[in-house]
Amino acid sequence: MKKYKNIILGLPLLLLASCDGNLDVTQPDVISAEVALRNLDDLETALYGAYAELRGSGLYGEATLWLPDLLADNLRIGNSNGGGNRREANWQYTSGTDIGTWGGSYELIFDANTVINNSDAFEDGRKKNRIVGQALALRALGHFELLKYYAEDYGRNSTKLAVPIVTLFEIGKPARNTVAEVYEQIFDDLLLAKNLLNNVDKDPQENGPFYFNALAVNALLARVSLYAGEWQDAVNYATIVINQSQLANPVDYASMWAEDTDGEVLFAVAFATTGDGRIGSDLLDNSNPSAPRSTFTLSNDMATLYDEVNDIRFNSFVLINPLNPPGANDQNDDVYLPFKYPGRGGERGLNNAKVLRVSEMYLIRAEAYANISGQDALGSADLNTLRASRITNYVNEDLSGQVLKDAIQVERRKELVAEGHRWFDLKRINQGVQRGTDCRGLTISCTLEAGNFRFVFPIPQSELDANENIIQNPGY
Amino acid sequence: MKNQLHLITVLLLMFIVQFSFAQNMKITGVVSDGSGPLPGVNVIIKGTNQGTQTDFDGNYSIRTSTGDILVFSFVGMATAEMIVETSNTINVTLKEDSSKLEEVVVVGYSKKETKKLTSAIATIDKKQIENVPMATFDQILQGSAPGLTILSGSGQPGDAARVNIRGFSSFALSNSPLFILDGQAIRRLDFSGINPNDIESVSVLKDAAATQIYGSRGSNGVIVITTKSGKQGKATLEYRTYTGISIAPRYNDALRPLSSSQLISLSQEIGIGGVINVGATPEEIEELAAYSEDWLDVLTRDGKTNSHEISMSGGNENTKFFISGSYFSQEGIALRSKLDRYSLRTKIDYSKNRFTLGANVFLSYTSAEDSENEGGFSRSNPFYASIRTPAYDRAIDPITGDYAAPLDASQSSVQNNLERVNTNDEDRKTKTVMVSLSGRYDFNFLDGLSFNTSLNIRNNRRDNRTYVDPNSVDGRRRQGGQGSLNLSTSERTSFTITNSLQYKFNINEDHKFNAGLYQEFVSDNSDGFDITTYGLNQLTVIDGATEGTETNGFIPDFGGFNSVSNLSSYFATLDYSYLNKYNVTAGIRRDGSSSFGSNFAFGNFYSMGIGWLISEENFLSSVKAINLLKLRVSYGTVGNQNISDTAARPIFTSTSYNGLAGISSGLSNPDLKWEETAKTNIGLDASLFKNRLKINLDVYSEKTTDLLQNVPISRTTGFSSQLRNVGSLKNEGIELSFSTINIDSEKFRWESSLNIATNETTILKLNDGESFRLGRFLIEEGGSYPEFNLVKRAGVNSANGRTLWYDLDGNLTETYDLNNRVNVGRAAPKYTGGFLNRFTSGGFELSTLFSFSQGKNIYNVARTSLDNPTKISRGSVSTNALRFWRQPGDVTDIPDPRQISNYFTDSGWLEDASFIKLRNVTFSYNLPNSVLEKINLSGMRLYLQGQNVYTWTTFSGLDPENSSTDYVADYPSLSTYTFGIDVKF
């Protein structure tokens, strides 16, 4: 009896001794920061953490993929749209309408900075070059996506406001840098990335075009140079890419869209499983193939640009609504449905987001030539090369001057629809939006004149509320 | 841990040993209480420790000698002494003890005499609980105590109410009180497993003197639930049953669906909608317009409720037991929603010599099915779908009898909702095991000193299953296009170990002391996993899934979590009473939490309370009208430590990219400190006019410092917010309750009680005075909280049909500008309370309970869609949409649909959610003793009850009693009518 009594009394004393030590708990399902980045392999996982940010809805999940087409004249609100993106499509956005690019890009930049700024601890070498080079490219891409939506203009030396440059983590209230400063940072990062990636232990694209290698960095340099109006640089970078790669032939081209084969893709954001998102389903819900739901449709203006018979792009990008073939139902004009991302392996809407392709390099070079005096013929030749590989029985044209420039923009629409270009192209070349007969139904705003303040997106109110050093864009 | 369990079990067995004694004369007899035999009466030979107990029929037999005195004692009865003479038979009738037991109330970790309380505590006793059968006990609290706001929030059977005591003391952390069931913390999720009739009492601890003993967990108040124990005496057996029905809801005029013809003419007018999309012919349109489906009627039902419960209790001087078993089943009003509960509770208390041991074992199993997407802005939420589904879409095809297809197949994600509900499943099974073992030892070397220990283990396992039919529209949308089956399991195990030394002593009769020294350790471990499989065949179990390959899309998804949190505490209490007139309580507690960074892992909390029984003073003894008058004052500090386990520790989380593992850094704050609330409470308790009028008044002020908040930070950091200690706020309020006995005659008795409370929350100070936004609220120094801060809508410009807002100067503008946000209304009620009346006559009793809430506004999110005519592009809308502006001069609140895309967030969607509810009406009849004797029962009660009978409100949704500040067609609380019988054998 007494023995048990003693044990009972002894129990709490045992517990007393052991409790406080239990306050330092290691949570089993997260990684403590102290042990997260011990070697280059760890740094590489942090790099893939950064890549994963690209799938966000503020980036290639939505806002930098097809939203720019909806904002302009390539896509429009479909008749069965339940409410999604109507405010953007009708230019009724306010600072409270956050498309997610602001937050999403800075998350990407933060993750890229984690890689770059923790790399000093490790020995230099080709493996480190491969990791840090990609992180620099991602940081540049992040700043560029921000510049596209939020900068007041795109001039290379513009002192207008762009976005804060972030290269170090700090909980602060940074003010907006100028457009010129942001370009400076982007070019610095890309050039350094290119150098590092030219000297690596293995090609980052070993397992597919889902990572930045030197060629993809060149392609991005070409695009940024085009935005900056650095025509000769654009020509040079595009030429490097064109010389090292090929336009997809018609067979490869079709399977590149339908089945995500590599084709002419220079860089794509991987959507590996449906858990990562279905970029195509947001555009077109085709779960009932006999009655697809037209959340968004291609504008008639856009769809009728194609030569339906000879242009492979019509068949690859456009689905004729089986419920409403042309002329069947006068009241319902949901005829041309955006089908650029039909889903690979029969998995509806599951496709990788193509960010950089060889076709775009031809279009960039053509446009750059067209802007350098005396180079129109070269520009026209690039345009012909591209068209010839897309259109059967294509007959070369010899274009020049404004006609050439206009033709290039039309070609960009046809080639790059739903890849996130049109809105920025219009802003870049200072043209307005004319929706014409596509302005009907749920599309209630018809024209936006060139240079309208709506071309520059409002900085999200949440940023203004948290950071008084940010100056809102004019008009909001 | 396992060893300790073993040990205590062995000990329990050890003590159940009987002793016997031999004497020279055998006395037998029967002990009764006048109405029948009394089992469990102690029969002791005076001056010895020899004795026995009466058996179930009241018989005893004992060996003794002539001249001995037998002492018969029983709880609640006056002790009787009989001298043993020559007769071998001694029958005794015990009388009820006239000196009443002091009323006691359960406070944290102990019980106290009500008179000596120094703190603000409200109690709900078992009579209130037993008389009001409900699915879960939290619903019974509604309207029953001042300062306690209970919002049922959802009618989903078994869903726990949101409970709030005395306003909001935190932005980022939960404002829900701590719930303690028999010594261990439980969560809201656990409520549905508890049989309300197992509860003996519920104590609501409000001020610091009451809650401080819970230290870092006490800032939102504490609700202490004590389950029933066996009582010494006659064993009782009770059976209770009830059956009832919950009535399907109807829409009110403020928000109702369009009829088919209304929808069709709206479509034709604005050129949008299903009939346009499909190009319906005039003949087809005529046919469609002729029939309107009532989708609310289709998707809801009158739900049935059934309950059966058996309980046994009894005991003798040494051993007491309580056993109950129950089955409860309730159907919700939304199709598919239901709860089945099975519970078993066994409680045994044993005491012998200086040891007291208790074992409390509770098992419950619940199986619930949920209504899909409850309160979601989704077409699968039946209360939203019932307006959004076009009335011309039938549920059942009248010719084929099959589910009818919607008219516009291109709106294909909008499956026939009836089909969706009937072919898909979402069910949830919860198993709970709670075991408490407790021991007490009274030391022999010092009177009044005892050691107490309790070990509580709770294991809770939840299994969820979500099945999406491969043939359904939703099933085609899943990965691989052939449905999906999701199984998830989560398990949570907590240990609570409490040890204490208690010392009770007096210094002459004037000074009474009670001191306690405690040590406690609480550990919580949760883990879980889930898997979603695809490619289902006919089977609705995981075997029906197809193995995934590279090409078929059926690769399963999986996930999981595991987290641990520990709390280690030491605390001490002291109660002192002088002449029973002046009572002082004091406490101190030190808590260490694993959730905080090492910089601030520990927090100290203390309290003091003083109670002065003025009515015991000589100068009041001559005032006959005053039976009791007490003044209470208390002050103390409590904390809130319930932050995420990783908020204070730098971590990386995992992700993946293209099949490669990735990691991403989180944002932590190692400098996080505990929120601390300093509570001041002044209370007055009075009982007047022969206790016919009782008044309780409490006035409080609670200041919370080091408020935790996810402060919005510049997104350029890569994060949107960081958890920080941001400032301080204050809650001030008054709680008042009156209880009266209005009529008290032999034949008729009428009692009333009214309670009312008001609370104001004010932001005192913010770091650097910087205001910030929290959802729809603006947090600024000096501001009240929570208060909607929105752009103020002025209406619709009758000249052009555009929405008009006010700018900051009060001028009208057509520009929606977030810089024009102003405070437009409270999001918390100003006054809450309840009003109870009870009428008794003979065996009949009628009681009515009203509860009310005044001053809260709700942001009606549902109407931002339901009132928008252009939303008929996919479905239907409410009749409000018909009022849209058509031509200059139209005065209306719905703007021109040809000029707006989506509605903006503004004050126009704010609605006054004040209400008065007839919460409960019960009419019951207790059979008289004369009848009971004939049918051999000791009690029988029959009753009819209505719950949530009627609501007076101007709110347009189905139920203003919404737990959130937003309304998205939430599941309304159930309006239930029951008939029940309680039988005591």
# chains A, B, ... in the order shown; residues from 1 in each chain; ligands from 1

call {"tool": "residues_around", "arguments": {"residues": "region 451-468 of chain A", "least_positions_apart": "5", "cutoff": "9 Å", "atoms": "only C-alpha atoms", "output": "MDAnalysis selection string"}}
result
(chainID A and resid 91:100 102:103 148:153 172:175 423:424 426:427 430:432 473:476) or (chainID B and resid 711:716 720 771:773 818)

call {"tool": "residues_around", "arguments": {"residues": "region 696-704 of chain B", "least_positions_apart": "3", "cutoff": "8 Å", "atoms": "only C-alpha atoms", "output": "list in words"}}
result
Ala120, Ser169, Ser170, Asp207, Glu675, Glu676, Thr677, Ala678, Lys679, Thr680, Asn681, Ile682, Gly683, Leu684, Asp685, Ala686, Leu707, Ser728, Leu729, Lys730, Asn731, Glu732, Gly733, Ile734, Glu735, Leu736, Ser737 and Phe738 of chain B

call {"tool": "residues_around", "arguments": {"residues": "Gly636 (chain B)", "least_positions_apart": "5", "cutoff": "8 Å", "atoms": "only C-alpha atoms", "output": "ChimeraX atom specification"}}
result
/B:208-209,212,605-608,678-680

call {"tool": "write_last_selection", "arguments": {"atoms": "N, CA and C atoms", "output": "mmCIF file, in the first residue's frame"}}
result
data_model
loop_
_atom_site.group_PDB
_atom_site.id
_atom_site.type_symbol
_atom_site.label_atom_id
_atom_site.label_comp_id
_atom_site.auth_asym_id
_atom_site.auth_seq_id
_atom_site.Cartn_x
_atom_site.Cartn_y
_atom_site.Cartn_z
ATOM 1 N N ALA B 208 -11.392 38.615 -14.385
ATOM 2 C CA ALA B 208 -10.044 38.110 -14.139
ATOM 3 C C ALA B 208 -9.993 37.178 -12.939
ATOM 4 N N ALA B 209 -10.761 37.511 -11.876
ATOM 5 C CA ALA B 209 -10.706 36.681 -10.686
ATOM 6 C C ALA B 209 -11.129 35.251 -11.021
ATOM 7 N N GLN B 212 -8.361 34.067 -14.513
ATOM 8 C CA GLN B 212 -6.902 34.171 -14.417
ATOM 9 C C GLN B 212 -6.256 32.816 -14.179
ATOM 10 N N PHE B 605 0.752 35.817 -15.074
ATOM 11 C CA PHE B 605 -0.592 36.365 -14.936
ATOM 12 C C PHE B 605 -0.991 36.321 -13.469
ATOM 13 N N TYR B 606 -1.723 37.317 -13.033
ATOM 14 C CA TYR B 606 -2.103 37.347 -11.630
ATOM 15 C C TYR B 606 -3.484 37.972 -11.486
ATOM 16 N N SER B 607 -4.116 37.776 -10.343
ATOM 17 C CA SER B 607 -5.427 38.379 -10.130
ATOM 18 C C SER B 607 -5.729 38.501 -8.652
ATOM 19 N N MET B 608 -6.675 39.360 -8.360
ATOM 20 C CA MET B 608 -7.144 39.517 -7.000
ATOM 21 C C MET B 608 -8.618 39.889 -7.047
ATOM 22 N N ALA B 678 -5.903 42.915 -19.228
ATOM 23 C CA ALA B 678 -6.097 43.263 -17.826
ATOM 24 C C ALA B 678 -7.577 43.537 -17.638
ATOM 25 N N LYS B 679 -8.196 42.785 -16.745
ATOM 26 C CA LYS B 679 -9.645 42.888 -16.595
ATOM 27 C C LYS B 679 -10.007 43.482 -15.242
ATOM 28 N N THR B 680 -10.873 44.470 -15.264
ATOM 29 C CA THR B 680 -11.406 45.032 -14.029
ATOM 30 C C THR B 680 -12.897 44.787 -14.037
#

call {"tool": "residues_around", "arguments": {"residues": "Glu751 (chain B)", "least_positions_apart": "6", "cutoff": "12 Å", "atoms": "only C-alpha atoms", "output": "PyMOL selection string"}}
result
chain B and resi 691-694+738-745+835-841+845-849

call {"tool": "write_last_selection", "arguments": {"atoms": "N, CA and C atoms", "output": "mmCIF file, in the first residue's frame"}}
result
data_model
loop_
_atom_site.group_PDB
_atom_site.id
_atom_site.type_symbol
_atom_site.label_atom_id
_atom_site.label_comp_id
_atom_site.auth_asym_id
_atom_site.auth_seq_id
_atom_site.Cartn_x
_atom_site.Cartn_y
_atom_site.Cartn_z
ATOM 1 N N ASN B 691 -36.207 36.844 -1.382
ATOM 2 C CA ASN B 691 -35.577 36.260 -2.565
ATOM 3 C C ASN B 691 -36.464 36.276 -3.804
ATOM 4 N N ARG B 692 -37.497 37.121 -3.804
ATOM 5 C CA ARG B 692 -38.361 37.132 -4.992
ATOM 6 C C ARG B 692 -37.801 38.015 -6.092
ATOM 7 N N LEU B 693 -36.896 38.861 -5.766
ATOM 8 C CA LEU B 693 -36.249 39.664 -6.807
ATOM 9 C C LEU B 693 -34.743 39.529 -6.651
ATOM 10 N N LYS B 694 -34.103 39.030 -7.695
ATOM 11 C CA LYS B 694 -32.651 38.923 -7.660
ATOM 12 C C LYS B 694 -32.077 39.797 -8.763
ATOM 13 N N PHE B 738 -32.074 40.348 -14.128
ATOM 14 C CA PHE B 738 -33.109 40.350 -13.098
ATOM 15 C C PHE B 738 -33.776 38.997 -13.108
ATOM 16 N N SER B 739 -34.013 38.452 -11.928
ATOM 17 C CA SER B 739 -34.866 37.272 -11.844
ATOM 18 C C SER B 739 -35.953 37.588 -10.849
ATOM 19 N N THR B 740 -37.160 37.345 -11.250
ATOM 20 C CA THR B 740 -38.262 37.653 -10.337
ATOM 21 C C THR B 740 -39.190 36.468 -10.224
ATOM 22 N N ILE B 741 -39.801 36.357 -9.046
ATOM 23 C CA ILE B 741 -40.925 35.428 -8.891
ATOM 24 C C ILE B 741 -42.139 36.334 -8.803
ATOM 25 N N ASN B 742 -42.869 36.413 -9.896
ATOM 26 C CA ASN B 742 -43.962 37.384 -9.972
ATOM 27 C C ASN B 742 -45.169 36.925 -9.183
ATOM 28 N N ILE B 743 -45.487 35.632 -9.318
ATOM 29 C CA ILE B 743 -46.622 35.072 -8.585
ATOM 30 C C ILE B 743 -46.145 33.767 -7.985
ATOM 31 N N ASP B 744 -46.431 33.585 -6.731
ATOM 32 C CA ASP B 744 -46.014 32.342 -6.083
ATOM 33 C C ASP B 744 -47.125 31.885 -5.158
ATOM 34 N N SER B 745 -48.158 31.286 -5.738
ATOM 35 C CA SER B 745 -49.228 30.765 -4.906
ATOM 36 C C SER B 745 -49.193 29.249 -4.980
ATOM 37 N N PHE B 835 -34.894 36.891 -22.521
ATOM 38 C CA PHE B 835 -36.031 37.118 -21.626
ATOM 39 C C PHE B 835 -36.769 35.802 -21.479
ATOM 40 N N LEU B 836 -36.753 35.283 -20.254
ATOM 41 C CA LEU B 836 -37.348 33.984 -19.994
ATOM 42 C C LEU B 836 -38.561 34.146 -19.085
ATOM 43 N N ASN B 837 -39.622 33.426 -19.391
ATOM 44 C CA ASN B 837 -40.789 33.381 -18.510
ATOM 45 C C ASN B 837 -41.160 31.935 -18.286
ATOM 46 N N ARG B 838 -41.493 31.631 -17.041
ATOM 47 C CA ARG B 838 -41.881 30.254 -16.748
ATOM 48 C C ARG B 838 -43.150 30.283 -15.892
ATOM 49 N N PHE B 839 -44.148 29.560 -16.377
ATOM 50 C CA PHE B 839 -45.429 29.499 -15.659
ATOM 51 C C PHE B 839 -45.642 28.065 -15.215
ATOM 52 N N THR B 840 -45.924 27.865 -13.919
ATOM 53 C CA THR B 840 -46.113 26.518 -13.411
ATOM 54 C C THR B 840 -47.452 26.443 -12.703
ATOM 55 N N SER B 841 -48.162 25.392 -12.994
ATOM 56 C CA SER B 841 -49.409 25.171 -12.268
ATOM 57 C C SER B 841 -49.607 23.675 -12.170
ATOM 58 N N GLU B 845 -46.173 23.046 -16.919
ATOM 59 C CA GLU B 845 -45.217 24.140 -16.958
ATOM 60 C C GLU B 845 -45.117 24.651 -18.391
ATOM 61 N N LEU B 846 -45.123 25.985 -18.493
ATOM 62 C CA LEU B 846 -44.949 26.600 -19.810
ATOM 63 C C LEU B 846 -43.787 27.562 -19.697
ATOM 64 N N SER B 847 -42.824 27.439 -20.582
ATOM 65 C CA SER B 847 -41.752 28.429 -20.542
ATOM 66 C C SER B 847 -41.511 28.983 -21.938
ATOM 67 N N THR B 848 -41.167 30.263 -21.965
ATOM 68 C CA THR B 848 -40.857 30.907 -23.242
ATOM 69 C C THR B 848 -39.548 31.654 -23.081
ATOM 70 N N LEU B 849 -38.697 31.525 -24.069
ATOM 71 C CA LEU B 849 -37.432 32.247 -24.038
ATOM 72 C C LEU B 849 -37.280 33.047 -25.327
#

call {"tool": "closest_residue", "arguments": {"among": "B:Arg354, B:Arg632, B:Arg941, B:Lys504", "to": "chain A", "atoms": "only C-alpha atoms"}}
result
B:Arg354
